[in-house]
>>> print(open('input.cif').read())   # mmCIF, C-alpha atoms, pLDDT in the B column; chains and numbers go by the auth columns
data_protein
#
loop_
_atom_site.group_PDB
_atom_site.id
_atom_site.type_symbol
_atom_site.label_atom_id
_atom_site.label_comp_id
_atom_site.label_asym_id
_atom_site.label_seq_id
_atom_site.Cartn_x
_atom_site.Cartn_y
_atom_site.Cartn_z
_atom_site.B_iso_or_equiv
_atom_site.auth_seq_id
_atom_site.auth_asym_id
ATOM 1 C CA MET A 1 7.529 -3.463 21.504 46.00 1 A
ATOM 2 C CA THR A 2 6.317 -4.542 18.074 46.00 2 A
ATOM 3 C CA THR A 3 8.322 -3.571 14.998 45.00 3 A
ATOM 4 C CA SER A 4 7.123 -3.561 11.417 45.00 4 A
ATOM 5 C CA SER A 5 9.063 -6.782 10.807 43.00 5 A
ATOM 6 C CA ASP A 6 7.083 -8.449 13.637 46.00 6 A
ATOM 7 C CA ARG A 7 3.753 -7.770 11.938 48.00 7 A
ATOM 8 C CA GLN A 8 2.279 -10.272 9.566 48.00 8 A
ATOM 9 C CA ALA A 9 0.722 -9.136 6.323 46.00 9 A
ATOM 10 C CA PRO A 10 -3.076 -9.050 6.426 44.00 10 A
ATOM 11 C CA GLU A 11 -4.663 -12.172 4.964 47.00 11 A
ATOM 12 C CA PRO A 12 -6.229 -13.603 2.910 44.00 12 A
ATOM 13 C CA VAL A 13 -4.756 -12.498 -0.397 47.00 13 A
ATOM 14 C CA GLY A 14 -8.178 -12.632 -2.037 52.00 14 A
ATOM 15 C CA ASP A 15 -9.746 -10.075 0.330 66.00 15 A
ATOM 16 C CA PRO A 16 -8.786 -6.558 -0.776 67.00 16 A
ATOM 17 C CA GLY A 17 -11.045 -5.154 1.964 86.00 17 A
ATOM 18 C CA VAL A 18 -8.525 -6.253 4.599 90.00 18 A
ATOM 19 C CA VAL A 19 -5.701 -4.414 2.823 93.00 19 A
ATOM 20 C CA GLN A 20 -7.907 -1.356 2.285 95.00 20 A
ATOM 21 C CA ALA A 21 -8.826 -1.164 5.971 95.00 21 A
ATOM 22 C CA ASP A 22 -5.175 -1.485 6.973 94.00 22 A
ATOM 23 C CA LEU A 23 -4.105 1.248 4.534 95.00 23 A
ATOM 24 C CA LEU A 24 -6.880 3.568 5.718 96.00 24 A
ATOM 25 C CA ARG A 25 -5.656 3.109 9.310 96.00 25 A
ATOM 26 C CA PHE A 26 -2.050 3.750 8.236 94.00 26 A
ATOM 27 C CA LEU A 27 -3.024 6.965 6.429 93.00 27 A
ATOM 28 C CA ALA A 28 -5.151 8.171 9.333 94.00 28 A
ATOM 29 C CA ASN A 29 -2.335 7.513 11.808 93.00 29 A
ATOM 30 C CA ARG A 30 0.257 9.285 9.640 90.00 30 A
ATOM 31 C CA THR A 31 -1.871 12.275 8.639 89.00 31 A
ATOM 32 C CA GLY A 32 -4.253 12.754 11.548 92.00 32 A
ATOM 33 C CA ARG A 33 -7.324 12.689 9.332 91.00 33 A
ATOM 34 C CA ALA A 34 -9.819 10.122 8.069 93.00 34 A
ATOM 35 C CA TRP A 35 -9.657 9.025 4.426 93.00 35 A
ATOM 36 C CA GLU A 36 -12.098 7.351 2.067 95.00 36 A
ATOM 37 C CA ALA A 37 -10.835 4.442 -0.037 95.00 37 A
ATOM 38 C CA ASP A 38 -11.519 6.336 -3.276 95.00 38 A
ATOM 39 C CA THR A 39 -10.055 9.736 -2.232 93.00 39 A
ATOM 40 C CA ASP A 40 -7.081 10.932 -4.292 92.00 40 A
ATOM 41 C CA VAL A 41 -4.583 11.213 -1.432 90.00 41 A
ATOM 42 C CA PHE A 42 -2.163 13.302 -3.491 86.00 42 A
ATOM 43 C CA GLY A 43 -4.687 15.366 -5.468 85.00 43 A
ATOM 44 C CA SER A 44 -6.265 16.549 -2.219 75.00 44 A
ATOM 45 C CA GLY A 45 -3.109 18.571 -1.547 72.00 45 A
ATOM 46 C CA GLY A 46 -2.449 16.832 1.736 67.00 46 A
ATOM 47 C CA LEU A 47 0.433 14.557 0.778 78.00 47 A
ATOM 48 C CA SER A 48 3.773 15.005 -0.975 82.00 48 A
ATOM 49 C CA SER A 49 5.894 12.952 -3.356 80.00 49 A
ATOM 50 C CA LEU A 50 8.124 12.160 -0.375 86.00 50 A
ATOM 51 C CA PHE A 51 5.106 10.562 1.283 86.00 51 A
ATOM 52 C CA ALA A 52 4.617 8.506 -1.896 85.00 52 A
ATOM 53 C CA MET A 53 8.031 6.936 -1.321 89.00 53 A
ATOM 54 C CA GLU A 54 7.074 6.288 2.297 90.00 54 A
ATOM 55 C CA MET A 55 3.962 4.496 1.027 91.00 55 A
ATOM 56 C CA VAL A 56 6.090 2.324 -1.283 94.00 56 A
ATOM 57 C CA VAL A 57 8.270 1.269 1.652 95.00 57 A
ATOM 58 C CA HIS A 58 5.202 0.641 3.832 94.00 58 A
ATOM 59 C CA LEU A 59 3.532 -1.519 1.174 95.00 59 A
ATOM 60 C CA GLU A 60 6.690 -3.535 0.542 96.00 60 A
ATOM 61 C CA ARG A 61 7.425 -4.172 4.219 95.00 61 A
ATOM 62 C CA THR A 62 3.867 -4.757 5.363 94.00 62 A
ATOM 63 C CA TYR A 63 2.685 -6.966 2.517 93.00 63 A
ATOM 64 C CA GLY A 64 5.916 -8.652 1.430 93.00 64 A
ATOM 65 C CA VAL A 65 5.777 -7.338 -2.120 95.00 65 A
ATOM 66 C CA SER A 66 8.420 -5.768 -4.329 95.00 66 A
ATOM 67 C CA ILE A 67 7.310 -2.656 -6.216 96.00 67 A
ATOM 68 C CA ARG A 68 9.549 -2.029 -9.217 94.00 68 A
ATOM 69 C CA GLY A 69 9.566 -0.610 -12.729 93.00 69 A
ATOM 70 C CA GLY A 70 6.169 0.176 -14.202 93.00 70 A
ATOM 71 C CA ASP A 71 4.463 -0.484 -10.867 95.00 71 A
ATOM 72 C CA LEU A 72 6.065 2.685 -9.439 93.00 72 A
ATOM 73 C CA ARG A 73 3.673 4.929 -11.404 92.00 73 A
ATOM 74 C CA MET A 74 1.942 7.547 -9.232 89.00 74 A
ATOM 75 C CA GLU A 75 -1.403 6.306 -10.562 92.00 75 A
ATOM 76 C CA ASN A 76 -0.939 3.122 -8.494 94.00 76 A
ATOM 77 C CA PHE A 77 -0.750 5.195 -5.292 92.00 77 A
ATOM 78 C CA ARG A 78 -3.448 7.854 -5.771 91.00 78 A
ATOM 79 C CA THR A 79 -6.151 6.062 -3.780 94.00 79 A
ATOM 80 C CA VAL A 80 -6.358 3.301 -1.214 95.00 80 A
ATOM 81 C CA LEU A 81 -8.385 1.309 -3.759 96.00 81 A
ATOM 82 C CA ARG A 82 -5.522 1.475 -6.255 96.00 82 A
ATOM 83 C CA MET A 83 -2.868 0.682 -3.653 96.00 83 A
ATOM 84 C CA SER A 84 -4.776 -2.364 -2.411 95.00 84 A
ATOM 85 C CA ALA A 85 -5.287 -3.559 -6.007 95.00 85 A
ATOM 86 C CA LEU A 86 -1.543 -3.204 -6.614 96.00 86 A
ATOM 87 C CA VAL A 87 -0.736 -5.192 -3.459 96.00 87 A
ATOM 88 C CA GLU A 88 -3.167 -7.960 -4.393 93.00 88 A
ATOM 89 C CA ARG A 89 -1.800 -8.159 -7.940 94.00 89 A
ATOM 90 C CA LEU A 90 1.810 -8.289 -6.726 95.00 90 A
ATOM 91 C CA ARG A 91 1.021 -10.902 -4.070 90.00 91 A
ATOM 92 C CA GLN A 92 -0.389 -13.192 -6.733 88.00 92 A
ATOM 93 C CA ARG A 93 2.695 -12.929 -8.932 73.00 93 A
ATOM 94 C CA PRO A 94 5.104 -15.868 -8.648 60.00 94 A
ATOM 95 C CA ALA A 95 8.320 -14.992 -6.800 55.00 95 A
ATOM 96 C CA PRO A 96 11.438 -14.687 -9.009 57.00 96 A
ATOM 97 C CA GLY A 97 13.046 -18.114 -9.285 53.00 97 A
ATOM 98 C CA GLY A 98 9.993 -19.772 -7.764 50.00 98 A
ATOM 99 C CA PRO A 99 7.399 -22.051 -9.341 50.00 99 A
ATOM 100 C CA GLY A 100 6.310 -20.835 -12.729 47.00 100 A
ATOM 101 C CA ALA A 101 9.481 -18.773 -13.242 43.00 101 A
#
>>> encode(input="input.cif", output="structure tokens")
Amino acid sequence: MTTSSDRQAPEPVGDPGVVQADLLRFLANRTGRAWEADTDVFGSGGLSSLFAMEMVVHLERTYGVSIRGGDLRMENFRTVLRMSALVERLRQRPAPGGPGA
């Protein structure tokens, strides 16, 4: 059995299409419907604020990022395009205490 900790984050960092495809699959599996990358997943009335927190946890665990402070704005989670852009931006940030800190 594979757990979420056994999965590796999609690579490469510079290819947001990989992250988008993964997020579209995740949404389809969780909601039972197909999504477009630019669909407002919360404005469509299909998802709740509780699901937004589930998305935060999924993004952090799957992609090895930490979403904090100003990055927790709902605007970052409205579409798959925005979520993948957030992941890519956070993956390019130096880790706290690492090089460039």
>>> resolve_selection(input="input.cif", expression="the PyMOL selection byres ((chain A and resi 75) around 12)", output="list in words")
Asp40, Val41, Phe42, Gly43, Ala52, Gly70, Asp71, Leu72, Arg73, Met74, Asn76, Phe77, Arg78, Thr79, Val80, Leu81, Arg82, Met83, Ala85 and Leu86 of chain A
>>> resolve_selection(input="input.cif", expression="the PyMOL selection byres ((chain A and resi 87) around 9)", output="number ranges by chain")
A: 13, 16, 19, 59-60, 63-65, 67, 82-86, 88-92
>>> atom_distance(input="input.cif", atom1="atom CA of Met55 of chain A", atom2="atom CA of Arg30 of chain A")
10.5 Å
>>> atom_distance(input="input.cif", atom1="atom CA of Ser44 of chain A", atom2="atom CA of Val57 of chain A")
21.4 Å
>>> residues_around(input="input.cif", residues="Arg25 of chain A", least_positions_apart="6", cutoff="12 Å", atoms="all atoms listed in the file", output="list in words")
Val18, Val19, Thr31, Gly32, Arg33, Ala34, Trp35, Glu36, Ala37 and Val80 of chain A
>>> atom_distance(input="input.cif", atom1="atom CA of Leu23 of chain A", atom2="atom CA of His58 of chain A")
9.4 Å
>>> closest_residue(input="input.cif", among="A:Thr39, A:Gln20, A:Arg93, A:Asn29", to="Ser66 of chain A", atoms="all atoms listed in the file")
A:Arg93
>>> axis_aligned_box(input="input.cif", around="segment 19-30 of chain A", padding_each_side="8 Å", output="AutoDock Vina command-line options")
--center_x -4.3 --center_y 2.4 --center_z 7.0 --size_x 25.1 --size_y 29.7 --size_z 25.5
